[in-house]
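> A single structure is presented below for examination.
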Amino acid sequence: MTALRMLGAQTRMNFVWYFVRDTEMIFWSLAIPVFFLVVFSFALGTGSTKQASTFLVPGLIGAQVLSSGFWGVGAMLATFREKKLLRRVYLTPLPPWVFFLSLVAYRMALLAAQAVLLVVVGALVFGVHIVGNPAAVVFVLVLGAACFVSLGTVIGALTRTAESANNVASVLTVPLAFLSDAYIPLERFPAGVSRVLHLLPSTQFIDAFRGVSMYAVPVSDYAGWLVALACWTVAGTVVSARFFRWV
């Protein structure tokens with residue numbers, strides 16, 4: 001069997017496994033972001049719910065990117081190791097890169113479903129539309145996803161138990177979602193704090209994604225931040241490759 005066919009087969013197995021064994025998780029993964037969009041659009045939209053939703057749609061998609069990397073990949077790898085599933089994979093003829101890429105493909109497909117659902121609800125309920133160049137929007141989203149998947153694999157590589165990995169993922173995902181311009185505009189923070197928060201890769205990704213998708217800002221305007229995200233991606237890949245354990 002060629003590597004490409006093995007990748008397709010393993011990715012299909014991931015979908016079957018999670019849709020059959022954890023259908024409830026799939027449902028809540030899709031429903032909760034929509035719930036947050038509706039609630040926060042009315043809570044923050046003191047002047048216009050459309051303006052609030054325009055801010056929140058890319059922010060919520062960005063928050064799901066963080067969750068997919070830290071929880072969906074990092075904590076999942078630690079869980080697989082604890083259940084000795086990684087050891088079984090290691091002992092099969094399946095190339096390691098096929099296993100990792102199939103896991104990422106599954107998470108990215110779920111992320112795409114979340115993004116499409118948020119965009120559709122934003123358009124139908126609040127009149128929000130993506131106006132940016134589709135290629136630029138996809139490019140920023142894929143780069144952000146790659147960045148946080150690579151950082152998520154660091155969690156999976158360095159933590160010894162599934163509980164530790166879930167705790168680290170929680171500590172990173174929840175605060176970053178609220179401190180990275182996803183839910184709350186950084187302009188509401190003191191100027192000094194806002195400047196520091198703009199240094200976070202999560203803030204740089206979410207702000208670049210929002211600017212490119214909702215305001216048609218040229219992707220070149222965020223070149224510095226995108227280069228930084230690429231550097232984080234490389235660094236995360238190098239660290240996880242160095243310390244990753246199959247058992």
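If you're wondering about the labels, chains in the structure tokens are A, B, ... by order shown, residues count from 1 in each chain, ligands from 1 in order shown.
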Give me, as a Markdown table, the closest atom pair and its distance (Å, one decimal) for every residue of segment 91-184 of chain A within a cut-off of 9 Å of segment 202-207 of chain A, counting only C-alpha atoms, rows sorted by chain and rising number.


```
| residue | atom | partner | partner_atom | distance |
| --- | --- | --- | --- | --- |
| A:Val140 | CA | A:Phe205 | CA | 7.5 |
| A:Leu141 | CA | A:Phe205 | CA | 8.1 |
| A:Leu143 | CA | A:Phe205 | CA | 8.5 |
| A:Gly144 | CA | A:Phe205 | CA | 5.9 |
| A:Phe148 | CA | A:Ser202 | CA | 8.5 |
| A:Leu176 | CA | A:Ser202 | CA | 7.0 |
| A:Ala177 | CA | A:Ser202 | CA | 8.0 |
| A:Leu179 | CA | A:Thr203 | CA | 7.7 |
| A:Ser180 | CA | A:Thr203 | CA | 4.2 |
| A:Asp181 | CA | A:Thr203 | CA | 6.0 |
| A:Ala182 | CA | A:Ile206 | CA | 6.7 |
```

> Please provide the set of residues having any atom within 7 Å of segment 24-35 of chain A, restricted to only C-alpha atoms, with same-chain residues fewer than 3 positions apart removed, written as a PDB file with N, CA and C atoms, in the first residue's frame.


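Full text of result.pdb as output:
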```pdb
ATOM      1  N   PHE A  19     -16.366   9.704  15.330  1.00  0.00           N
ATOM      2  CA  PHE A  19     -17.789   9.919  15.104  1.00  0.00           C
ATOM      3  C   PHE A  19     -18.624   8.810  15.732  1.00  0.00           C
ATOM      4  N   VAL A  38     -23.456  33.828  19.499  1.00  0.00           N
ATOM      5  CA  VAL A  38     -24.750  34.472  19.722  1.00  0.00           C
ATOM      6  C   VAL A  38     -24.756  35.245  21.034  1.00  0.00           C
ATOM      7  N   VAL A  39     -24.291  34.598  22.102  1.00  0.00           N
ATOM      8  CA  VAL A  39     -24.321  35.238  23.418  1.00  0.00           C
ATOM      9  C   VAL A  39     -23.424  36.468  23.461  1.00  0.00           C
ATOM     10  N   LEU A  60     -13.534  33.703  17.303  1.00  0.00           N
ATOM     11  CA  LEU A  60     -13.952  32.364  17.716  1.00  0.00           C
ATOM     12  C   LEU A  60     -13.296  31.285  16.858  1.00  0.00           C
ATOM     13  N   GLN A 114     -16.228  23.782  11.943  1.00  0.00           N
ATOM     14  CA  GLN A 114     -16.528  24.829  12.914  1.00  0.00           C
ATOM     15  C   GLN A 114     -16.492  26.208  12.268  1.00  0.00           C
ATOM     16  N   LEU A 118     -19.643  28.810  11.857  1.00  0.00           N
ATOM     17  CA  LEU A 118     -19.610  30.154  12.434  1.00  0.00           C
ATOM     18  C   LEU A 118     -19.850  31.221  11.370  1.00  0.00           C
TER      19      LEU A 118
END
```

> Mind checking which residues fall within 12 Å of Val171 of chain A, counting only C-alpha atoms, ignoring those fewer than 5 positions away in the same chain, and posting them as a short mmCIF file (atom, residue, chain, number, x, y, z; two decimals) with C-alpha atoms, in the first residue's frame?


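Output below, filename around.cif:
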```
data_model
loop_
_atom_site.label_atom_id
_atom_site.label_comp_id
_atom_site.auth_asym_id
_atom_site.auth_seq_id
_atom_site.Cartn_x
_atom_site.Cartn_y
_atom_site.Cartn_z
CA LEU A 66 -5.85 27.10 19.66
CA SER A 67 -8.10 24.37 21.02
CA PHE A 70 -3.42 22.23 22.36
CA TRP A 71 -6.29 19.87 23.15
CA ILE A 155 2.57 19.38 24.94
CA SER A 164 -0.99 16.60 32.84
CA ALA A 165 -1.48 17.25 29.14
CA ASN A 166 -5.12 18.22 29.65
CA LEU A 176 -5.07 32.83 25.64
CA ALA A 177 -8.56 32.86 24.16
CA PHE A 178 -9.51 35.77 26.41
#
```

> From the set A:Tyr106, A:Tyr90, A:Phe126, A:Phe244, which residue has the shortest atom-to-atom contact distance to Gly69 of chain A, counting only C-alpha atoms?

A:Tyr106

> Taking the backbone alone, and naming residues the way the document does, which bits of segment 7-114 of chain A are alpha helix (DSSP H) by DSSP, as a PyMOL selection string?

chain A and resi 7-21+23-44+49-67+76-82+85-90+96-114

> Would you mind listing what lies within 7 Å of Ser150 of chain A as a list in words, with only C-alpha atoms counted and same-chain residues fewer than 2 positions away left out?

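My reading of the contact set: Ala146, Cys147, Phe148, Gly152, Thr153, Val154, Thr233, Gly236 and Thr237 of chain A.
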